[in-house]
Amino acid sequence: MAQLNMVQAINQALAQEMARDDRVLLLGEDVGRDGGVFRVTEGLLERFGRERVLDTPLCESGIMGAAIGMAAYGLRPVPEIQFLGFTYSAFEQLFAHAARLRSRSRGRYSCPLVVRTPYGGGIKAPELHEESTEALFCQVPGLKVVVPSGPYLAKGLLLAALRDPDPVLFLEPTRLYRLLREEVPEGEYLVELGKARVARPGNSLTVVAWGSMLERVLKAVEGYDAEVLDLMTLNPFDSEAIVTSVRKTGRLVIVHEAAKTCGFGAEIAATVAEEAILHLRAPILRVTAPDVPVPLAKLIDHYLPGLQQIRSALDEVLQY
Amino acid sequence: MAFDFKLPDLGEGIAEVELRRWLVAEGDEVREHQPLLEVETDKAVVEVPSPRSGVVSGLRHEEGETVKVGETLLSLAERQAEPASQALSQAQGEPEQQARPQPAPQAQAQAQAPRPASVGIVGSLPEAEEEPHPVTAGMAGEPAVPVPAAKAAAGSGEFDGLATPMVRKLARERGIDLRSIKGSGPRGCIRPEDLERQLPAAAKVMGGAGAEERVPLRGLRRTIARNVAASQRTTAFVTSMEEVDITDIFEMRIREQGEVESRGTHLTFLPFFMKAVQHALKEHPLLNASIDDEAQELVLKRHYHFGIAVDTPEGLMVPVIRDVDKKSIIELAQAIQELGRKARERKIALDELKGSSFTITNYGHFGGTFATPIINWPDVAIMGFGRIVERPWVHRGQIAIRKILPLSLTFDHRATDGADAARFLGKVLRYLEDPALLFLDCG
């Protein structure tokens, strides 16, 4: 089995699905001749031609609007937005049209598109290039939000997203693009959306993370009897897996690289408070970035939750 | 174009309805929203309105029929001569006002109805109530709603220390007063281990001095509480009661007591009762059974293992005497004596408390007459025997003083019905009244 990084795994998933289903097409800034800002779509223009891989003008709302129109009329577009920080100009399209087309048309239309976008910090890029504002999108009913934490999952989740009948925001943790290599099967496989996975079993506390934080959490919990859950899909999220684990361990730490206030960790904490409060042995702790805009390169390592911060939280909940 | 109107999903999990009445006939012209028929669900009678305008071209069901969600109720022929603009606007999902034909008299009347005072171009704006809203009314000055004075935690007698929800739950379950525990966690937070450590001391009495004493439900008492509550929750129980003349058994017991005691066993009435019940059960197997709730199956037992409720200092226990059908009266008397002793000494093995197919409770020697015994789940029936008293009784056409035994049979109505239970009870009655039948009828 080939050892692939996440860029290669995603590229393979796109190529396979485009070969399998000729309704799938890519569009976005530089996705064609340049192979995408991180070379994720490299080689696909040559293989599938200009009708399937479309270089667009620099206009996110236009990319999204065109994709929504294509999706409504039966195609399976995969718009790439170069960074999550640039989806905001297309947010209105996503929120007001893509996510509610099924509901608005009472099921007559769906909007099967997959918005791919790199997200997250730790790559020392300029402003708006390291955002982790996934919670904004999780608040949108009708929009699925998927975050892989490694190459194997990236391929399986992307294939599942591409076959989903509704719009999916597929967040690719930029820091992980080339950081991890894993064995990725050449053949097709799907990783079900809406399910979490136990990335590491344990008994004395539960840590929930996703995306690029998972790699860091797995390092931080070495030496602890911690159960690590990788959410993989944030909307709809697998609350049952979280509640089951917390009922077993009695302790919960949530780690995310987004700012704390109204981050997705708040949703998880509230769910556990509703469904498992009598199993809690300790307060629920969130380890997050501070409530400030993502800083420039020099400060980014202080901004993202570090190993020591995560371990302090683990120690704190274990004291009770 | 014909349009088949199918019974829509009425919500609340309703899968089918009974068609009570058609409100239209074939050939009728109907308008959108006009009631077409009346249906009865298990909740209510509702009118089903038409989703479109048109002419009724066929009713597909008779009144009184059951119609499932999704089945066609009737067909509507839509008018062909609609203006093009209407067809277009409908296809585009435009608001219908533009395309609607001239309003019918009824619609005109509606149009003249008083309009709400506040109308927006999109949506409708709720009007403020005449009365000032309680939340905002006091904002200019004092609060309109009095705020209760904050409860002084120190004087309330409630636990005001630190403990996580899990520890609070544990303490509640074990009847431990958290005020009596010193926490070893951060800022004095009580840990689960602190509860364990102080369990014997803390569990003695909850609540301290006062007009009441709280004794925690623990051990056997808690098990009993849980089991009887579970039984009441899961069974549909009914108790039927009868009185029976057992003078003959009474006399037989006195006559044979010496013989039995010479063999080292004390003879009570219970073995006779058990035999009578066992033989009656043989003819009424539905009561010698259990219910498998998960599989939704009635499990008919081919054995006669009787649970016998025994009073012990700590509470009721129900050891099981197996194979009642294969034991003689004396063997039963011996088994009862042995089990009672073991139960009181708490030496009974767990598997001796399991596997009953029917249960007997003999509360008569404590003085009760009738009762509603609680079924020993998963059995489906229990028979209670009350106190034997001398009563005037019609015996062979004469009033005589006889020994009368009250019987109370609680059965699970899910397993059987009252008539069958009464027949069973009647059978027990016959065997108790005339124990010789046990030899004539039964093998």
# chains A, B, ... in the order shown; residues from 1 in each chain; ligands from 1

$ interface_residues --of "chain B" --to "chain A" --cutoff "7 Å" --atoms "only C-alpha atoms" --output "PyMOL selection string"
chain B and resi 164-167+169+185-186+191

$ write_last_selection --atoms "C-alpha atoms" --output "mmCIF file, in the first residue's frame"
data_model
loop_
_atom_site.group_PDB
_atom_site.id
_atom_site.type_symbol
_atom_site.label_atom_id
_atom_site.label_comp_id
_atom_site.auth_asym_id
_atom_site.auth_seq_id
_atom_site.Cartn_x
_atom_site.Cartn_y
_atom_site.Cartn_z
ATOM 1 C CA THR B 164 -19.056 17.154 41.128
ATOM 2 C CA PRO B 165 -22.390 15.985 39.759
ATOM 3 C CA MET B 166 -21.223 12.380 39.781
ATOM 4 C CA VAL B 167 -20.325 12.550 43.475
ATOM 5 C CA LYS B 169 -25.456 11.439 42.466
ATOM 6 C CA GLY B 185 -9.948 17.311 46.190
ATOM 7 C CA PRO B 186 -9.027 20.792 44.984
ATOM 8 C CA ARG B 191 -14.063 13.001 45.609
#

$ residues_around --residues "A:Arg286" --least-positions-apart "4" --cutoff "12 Å" --atoms "only C-alpha atoms" --output "JSON, numbers by chain"
{"A": [206, 207, 208, 209, 251, 252, 253, 254, 255, 256, 257, 258, 259, 260, 261, 262, 263, 264, 265, 266, 267, 268, 269, 270, 290, 305, 309, 310, 311, 312, 313, 314, 316, 317]}

$ select_by_dssp --residues "stretch 215-316 of chain B" --states "strand (DSSP E or B)" --output "number ranges by chain"
B: 237-245, 289-292, 297-300, 306-308, 310-312, 315-316

$ residues_around --residues "B:Asp351" --least-positions-apart "5" --cutoff "12 Å" --atoms "only C-alpha atoms" --output "ChimeraX atom specification"
/B:307,318-322,356

$ write_last_selection --atoms "N, CA and C atoms" --output "compact mmCIF listing (two decimals), in the first residue's frame"
# COMPACT_ATOMS: atom_id res chain seq x y z
N GLY B 307 -41.74 -20.06 43.96
CA GLY B 307 -41.11 -19.09 44.86
C GLY B 307 -41.97 -18.99 46.11
N VAL B 318 -37.39 -14.52 48.54
CA VAL B 318 -38.26 -15.47 47.85
C VAL B 318 -37.43 -16.65 47.35
N PRO B 319 -37.08 -17.58 48.25
CA PRO B 319 -36.39 -18.78 47.78
C PRO B 319 -37.34 -19.67 46.98
N VAL B 320 -36.74 -20.55 46.19
CA VAL B 320 -37.55 -21.33 45.25
C VAL B 320 -37.52 -22.81 45.64
N ILE B 321 -38.70 -23.40 45.71
CA ILE B 321 -38.79 -24.85 45.91
C ILE B 321 -39.08 -25.48 44.56
N ARG B 322 -38.15 -26.32 44.14
CA ARG B 322 -38.24 -26.87 42.78
C ARG B 322 -39.07 -28.14 42.71
N SER B 356 -38.13 -19.28 39.64
CA SER B 356 -39.49 -19.68 39.99
C SER B 356 -40.37 -19.63 38.75

$ select_by_dssp --residues "stretch 88-257 of chain A" --states "alpha helix (DSSP H)" --output "VMD selection string"
chain A and resid 88 to 93 101 to 104 134 to 138 151 to 162 212 to 220 239 to 249

$ atom_distance --atom1 "atom CA of A:Phe137" --atom2 "atom CA of A:Glu192"
19.7 Å

$ atom_distance --atom1 "atom CA of A:Leu136" --atom2 "atom CA of A:Tyr88"
9.8 Å

$ residues_around --residues "B:Thr416" --least-positions-apart "3" --cutoff "12 Å" --atoms "only C-alpha atoms" --output "JSON, numbers by chain"
{"B": [235, 236, 237, 238, 284, 285, 286, 287, 288, 289, 290, 291, 298, 300, 380, 381, 410, 411, 412, 413, 419, 420, 421, 422, 423, 424]}

$ residues_around --residues "A:Ser149" --least-positions-apart "2" --cutoff "8 Å" --atoms "only C-alpha atoms" --output "PDB file with all heavy atoms, in the first residue's frame"
ATOM      1  N   VAL A 147     -14.159  17.303   8.664  1.00  0.00           N
ATOM      2  CA  VAL A 147     -12.747  17.649   8.880  1.00  0.00           C
ATOM      3  C   VAL A 147     -11.934  16.363   9.036  1.00  0.00           C
ATOM      4  O   VAL A 147     -12.053  15.678  10.050  1.00  0.00           O
ATOM      5  CB  VAL A 147     -12.566  18.482  10.168  1.00  0.00           C
ATOM      6  CG1 VAL A 147     -11.147  19.022  10.245  1.00  0.00           C
ATOM      7  CG2 VAL A 147     -13.565  19.613  10.258  1.00  0.00           C
ATOM      8  N   PRO A 151      -4.302  11.470   6.178  1.00  0.00           N
ATOM      9  CA  PRO A 151      -4.471  11.115   4.765  1.00  0.00           C
ATOM     10  C   PRO A 151      -5.515  10.023   4.534  1.00  0.00           C
ATOM     11  O   PRO A 151      -6.348  10.137   3.628  1.00  0.00           O
ATOM     12  CB  PRO A 151      -3.074  10.624   4.352  1.00  0.00           C
ATOM     13  CG  PRO A 151      -2.137  11.255   5.330  1.00  0.00           C
ATOM     14  CD  PRO A 151      -2.880  11.376   6.607  1.00  0.00           C
ATOM     15  N   LEU A 153      -8.112   9.088   6.331  1.00  0.00           N
ATOM     16  CA  LEU A 153      -9.464   9.595   6.548  1.00  0.00           C
ATOM     17  C   LEU A 153      -9.848  10.621   5.496  1.00  0.00           C
ATOM     18  O   LEU A 153     -11.000  10.718   5.083  1.00  0.00           O
ATOM     19  CB  LEU A 153      -9.577  10.208   7.943  1.00  0.00           C
ATOM     20  CG  LEU A 153      -9.471   9.203   9.082  1.00  0.00           C
ATOM     21  CD1 LEU A 153      -9.331   9.926  10.408  1.00  0.00           C
ATOM     22  CD2 LEU A 153     -10.693   8.297   9.097  1.00  0.00           C
ATOM     23  N   ALA A 154      -8.863  11.427   5.064  1.00  0.00           N
ATOM     24  CA  ALA A 154      -9.157  12.461   4.066  1.00  0.00           C
ATOM     25  C   ALA A 154      -9.738  11.821   2.817  1.00  0.00           C
ATOM     26  O   ALA A 154     -10.740  12.286   2.268  1.00  0.00           O
ATOM     27  CB  ALA A 154      -7.900  13.256   3.730  1.00  0.00           C
ATOM     28  N   PRO A 173      -7.101  20.426   6.926  1.00  0.00           N
ATOM     29  CA  PRO A 173      -6.173  21.104   7.832  1.00  0.00           C
ATOM     30  C   PRO A 173      -4.826  21.364   7.130  1.00  0.00           C
ATOM     31  O   PRO A 173      -4.074  20.432   6.846  1.00  0.00           O
ATOM     32  CB  PRO A 173      -6.004  20.103   8.979  1.00  0.00           C
ATOM     33  CG  PRO A 173      -7.102  19.102   8.815  1.00  0.00           C
ATOM     34  CD  PRO A 173      -7.429  19.071   7.363  1.00  0.00           C
ATOM     35  N   LEU A 176      -1.531  19.916   8.210  1.00  0.00           N
ATOM     36  CA  LEU A 176      -1.332  18.473   8.067  1.00  0.00           C
ATOM     37  C   LEU A 176      -1.086  18.041   6.621  1.00  0.00           C
ATOM     38  O   LEU A 176      -0.770  16.888   6.370  1.00  0.00           O
ATOM     39  CB  LEU A 176      -2.561  17.706   8.584  1.00  0.00           C
ATOM     40  CG  LEU A 176      -2.959  17.913  10.032  1.00  0.00           C
ATOM     41  CD1 LEU A 176      -4.097  16.958  10.391  1.00  0.00           C
ATOM     42  CD2 LEU A 176      -1.781  17.697  10.969  1.00  0.00           C
ATOM     43  N   TRP A 210     -10.376  17.439  16.600  1.00  0.00           N
ATOM     44  CA  TRP A 210     -10.591  17.176  15.179  1.00  0.00           C
ATOM     45  C   TRP A 210      -9.504  17.903  14.403  1.00  0.00           C
ATOM     46  O   TRP A 210      -8.817  18.782  14.961  1.00  0.00           O
ATOM     47  CB  TRP A 210     -11.986  17.604  14.723  1.00  0.00           C
ATOM     48  CG  TRP A 210     -12.345  19.037  15.043  1.00  0.00           C
ATOM     49  CD1 TRP A 210     -12.154  20.134  14.258  1.00  0.00           C
ATOM     50  CD2 TRP A 210     -12.952  19.504  16.255  1.00  0.00           C
ATOM     51  NE1 TRP A 210     -12.607  21.259  14.902  1.00  0.00           N
ATOM     52  CE2 TRP A 210     -13.100  20.902  16.127  1.00  0.00           C
ATOM     53  CE3 TRP A 210     -13.371  18.874  17.425  1.00  0.00           C
ATOM     54  CZ2 TRP A 210     -13.648  21.696  17.139  1.00  0.00           C
ATOM     55  CZ3 TRP A 210     -13.917  19.655  18.434  1.00  0.00           C
ATOM     56  CH2 TRP A 210     -14.066  21.051  18.280  1.00  0.00           C
ATOM     57  N   GLY A 211      -9.399  17.530  13.132  1.00  0.00           N
ATOM     58  CA  GLY A 211      -8.466  18.234  12.259  1.00  0.00           C
ATOM     59  C   GLY A 211      -7.038  18.204  12.764  1.00  0.00           C
ATOM     60  O   GLY A 211      -6.561  17.190  13.274  1.00  0.00           O
ATOM     61  N   SER A 212      -6.370  19.330  12.660  1.00  0.00           N
ATOM     62  CA  SER A 212      -4.937  19.344  12.949  1.00  0.00           C
ATOM     63  C   SER A 212      -4.649  19.197  14.436  1.00  0.00           C
ATOM     64  O   SER A 212      -3.550  18.830  14.822  1.00  0.00           O
ATOM     65  CB  SER A 212      -4.303  20.625  12.402  1.00  0.00           C
ATOM     66  OG  SER A 212      -4.205  21.610  13.400  1.00  0.00           O
ATOM     67  N   LEU A 214      -5.786  16.963  16.322  1.00  0.00           N
ATOM     68  CA  LEU A 214      -5.759  15.565  16.720  1.00  0.00           C
ATOM     69  C   LEU A 214      -4.326  15.059  16.825  1.00  0.00           C
ATOM     70  O   LEU A 214      -3.963  14.363  17.777  1.00  0.00           O
ATOM     71  CB  LEU A 214      -6.537  14.716  15.718  1.00  0.00           C
ATOM     72  CG  LEU A 214      -6.883  13.392  16.356  1.00  0.00           C
ATOM     73  CD1 LEU A 214      -8.150  13.504  17.177  1.00  0.00           C
ATOM     74  CD2 LEU A 214      -6.983  12.294  15.341  1.00  0.00           C
ATOM     75  N   GLU A 215      -3.525  15.450  15.868  1.00  0.00           N
ATOM     76  CA  GLU A 215      -2.113  15.026  15.875  1.00  0.00           C
ATOM     77  C   GLU A 215      -1.449  15.516  17.162  1.00  0.00           C
ATOM     78  O   GLU A 215      -0.710  14.789  17.822  1.00  0.00           O
ATOM     79  CB  GLU A 215      -1.442  15.615  14.619  1.00  0.00           C
ATOM     80  CG  GLU A 215       0.035  15.410  14.520  1.00  0.00           C
ATOM     81  CD  GLU A 215       0.860  16.625  14.972  1.00  0.00           C
ATOM     82  OE1 GLU A 215       0.295  17.722  15.163  1.00  0.00           O
ATOM     83  OE2 GLU A 215       2.067  16.450  15.149  1.00  0.00           O
ATOM     84  N   ASP A 230     -11.885  11.428  17.660  1.00  0.00           N
ATOM     85  CA  ASP A 230     -11.712  12.274  16.484  1.00  0.00           C
ATOM     86  C   ASP A 230     -13.107  12.476  15.905  1.00  0.00           C
ATOM     87  O   ASP A 230     -13.728  11.536  15.425  1.00  0.00           O
ATOM     88  CB  ASP A 230     -10.799  11.539  15.498  1.00  0.00           C
ATOM     89  CG  ASP A 230     -10.603  12.315  14.207  1.00  0.00           C
ATOM     90  OD1 ASP A 230     -11.108  13.462  14.113  1.00  0.00           O
ATOM     91  OD2 ASP A 230      -9.933  11.781  13.303  1.00  0.00           O
ATOM     92  N   MET A 232     -14.309  14.049  13.234  1.00  0.00           N
ATOM     93  CA  MET A 232     -14.357  13.871  11.771  1.00  0.00           C
ATOM     94  C   MET A 232     -15.485  14.647  11.080  1.00  0.00           C
ATOM     95  O   MET A 232     -15.245  15.314  10.093  1.00  0.00           O
ATOM     96  CB  MET A 232     -14.445  12.388  11.386  1.00  0.00           C
ATOM     97  CG  MET A 232     -13.358  11.537  12.012  1.00  0.00           C
ATOM     98  SD  MET A 232     -13.154   9.954  11.200  1.00  0.00           S
ATOM     99  CE  MET A 232     -14.710   9.179  11.561  1.00  0.00           C
TER     100      MET A 232
END

$ atom_distance --atom1 "atom CA of B:Glu65" --atom2 "atom CA of B:Asp28"
21.4 Å

$ residues_around --residues "stretch 338-348 of chain B" --least-positions-apart "2" --cutoff "7 Å" --atoms "only C-alpha atoms" --output "ChimeraX atom specification"
/B:310,312,317,319,334-336,350,352

$ residues_around --residues "stretch 95-100 of chain A" --least-positions-apart "2" --cutoff "6 Å" --atoms "only C-alpha atoms" --output "list in words"
Phe91, Glu92, Gln93, Arg102, Ser103, Arg104, Cys111, Gly142 and Leu143 of chain A

$ decode --residues "stretch 132-145 of chain A" --atoms "all heavy atoms" --output "compact mmCIF listing (two decimals), in the first residue's frame"
# COMPACT_ATOMS: atom_id res chain seq x y z
N SER A 132 -9.66 29.32 11.69
CA SER A 132 -10.32 28.06 12.05
C SER A 132 -11.71 28.42 12.56
O SER A 132 -12.02 28.30 13.73
CB SER A 132 -9.50 27.35 13.12
OG SER A 132 -10.16 26.19 13.54
N THR A 133 -12.54 28.86 11.63
CA THR A 133 -13.86 29.36 12.03
C THR A 133 -14.96 28.35 11.68
O THR A 133 -16.06 28.72 11.28
CB THR A 133 -14.16 30.70 11.33
OG1 THR A 133 -13.87 30.53 9.95
CG2 THR A 133 -13.31 31.81 11.89
N GLU A 134 -14.65 27.07 11.87
CA GLU A 134 -15.60 26.02 11.50
C GLU A 134 -16.95 26.17 12.20
O GLU A 134 -17.99 25.80 11.65
CB GLU A 134 -15.00 24.63 11.78
CG GLU A 134 -14.69 24.32 13.24
CD GLU A 134 -13.30 24.78 13.67
OE1 GLU A 134 -12.75 25.70 13.04
OE2 GLU A 134 -12.78 24.22 14.66
N ALA A 135 -16.93 26.74 13.43
CA ALA A 135 -18.20 26.83 14.16
C ALA A 135 -19.22 27.71 13.44
O ALA A 135 -20.42 27.49 13.54
CB ALA A 135 -17.95 27.35 15.57
N LEU A 136 -18.73 28.72 12.71
CA LEU A 136 -19.65 29.57 11.94
C LEU A 136 -20.50 28.72 11.01
O LEU A 136 -21.70 28.95 10.86
CB LEU A 136 -18.86 30.53 11.03
CG LEU A 136 -18.12 31.72 11.61
CD1 LEU A 136 -17.43 32.46 10.47
CD2 LEU A 136 -19.13 32.63 12.30
N PHE A 137 -19.87 27.73 10.41
CA PHE A 137 -20.57 26.93 9.39
C PHE A 137 -21.42 25.84 10.03
O PHE A 137 -22.38 25.38 9.45
CB PHE A 137 -19.53 26.33 8.42
CG PHE A 137 -18.74 27.41 7.72
CD1 PHE A 137 -17.57 27.90 8.27
CD2 PHE A 137 -19.20 27.96 6.55
CE1 PHE A 137 -16.86 28.91 7.65
CE2 PHE A 137 -18.50 28.97 5.91
CZ PHE A 137 -17.33 29.46 6.47
N CYS A 138 -20.99 25.42 11.24
CA CYS A 138 -21.78 24.39 11.93
C CYS A 138 -23.12 24.93 12.37
O CYS A 138 -24.05 24.17 12.66
CB CYS A 138 -21.02 23.86 13.15
SG CYS A 138 -19.55 22.98 12.69
N GLN A 139 -23.25 26.23 12.46
CA GLN A 139 -24.51 26.85 12.86
C GLN A 139 -25.51 26.87 11.70
O GLN A 139 -26.66 27.22 11.90
CB GLN A 139 -24.21 28.27 13.37
CG GLN A 139 -25.41 29.14 13.69
CD GLN A 139 -26.09 28.72 14.98
OE1 GLN A 139 -25.74 27.74 15.58
NE2 GLN A 139 -27.08 29.48 15.39
N VAL A 140 -25.05 26.46 10.50
CA VAL A 140 -25.93 26.53 9.32
C VAL A 140 -26.64 25.20 9.14
O VAL A 140 -26.02 24.21 8.76
CB VAL A 140 -25.10 26.85 8.06
CG1 VAL A 140 -26.02 26.93 6.84
CG2 VAL A 140 -24.32 28.13 8.24
N PRO A 141 -27.94 25.14 9.43
CA PRO A 141 -28.64 23.87 9.22
C PRO A 141 -28.62 23.51 7.74
O PRO A 141 -28.80 24.38 6.89
CB PRO A 141 -30.08 24.16 9.68
CG PRO A 141 -29.99 25.42 10.48
CD PRO A 141 -28.85 26.19 9.92
N GLY A 142 -28.37 22.26 7.44
CA GLY A 142 -28.36 21.82 6.05
C GLY A 142 -26.99 21.77 5.42
O GLY A 142 -26.85 21.28 4.30
N LEU A 143 -26.01 22.28 6.13
CA LEU A 143 -24.64 22.25 5.60
C LEU A 143 -23.81 21.29 6.43
O LEU A 143 -23.66 21.48 7.64
CB LEU A 143 -24.03 23.65 5.65
CG LEU A 143 -22.59 23.79 5.13
CD1 LEU A 143 -22.52 23.44 3.65
CD2 LEU A 143 -22.06 25.20 5.37
N LYS A 144 -23.32 20.25 5.82
CA LYS A 144 -22.46 19.32 6.56
C LYS A 144 -21.04 19.89 6.61
O LYS A 144 -20.59 20.54 5.67
CB LYS A 144 -22.45 17.95 5.89
CG LYS A 144 -23.80 17.25 5.93
CD LYS A 144 -23.68 15.79 5.54
CE LYS A 144 -25.00 15.08 5.70
NZ LYS A 144 -25.94 15.33 4.58
N VAL A 145 -20.39 19.66 7.74
CA VAL A 145 -19.03 20.16 7.90
C VAL A 145 -18.14 18.97 8.28
O VAL A 145 -18.37 18.31 9.29
CB VAL A 145 -18.95 21.26 8.99
CG1 VAL A 145 -17.52 21.74 9.17
CG2 VAL A 145 -19.87 22.42 8.62
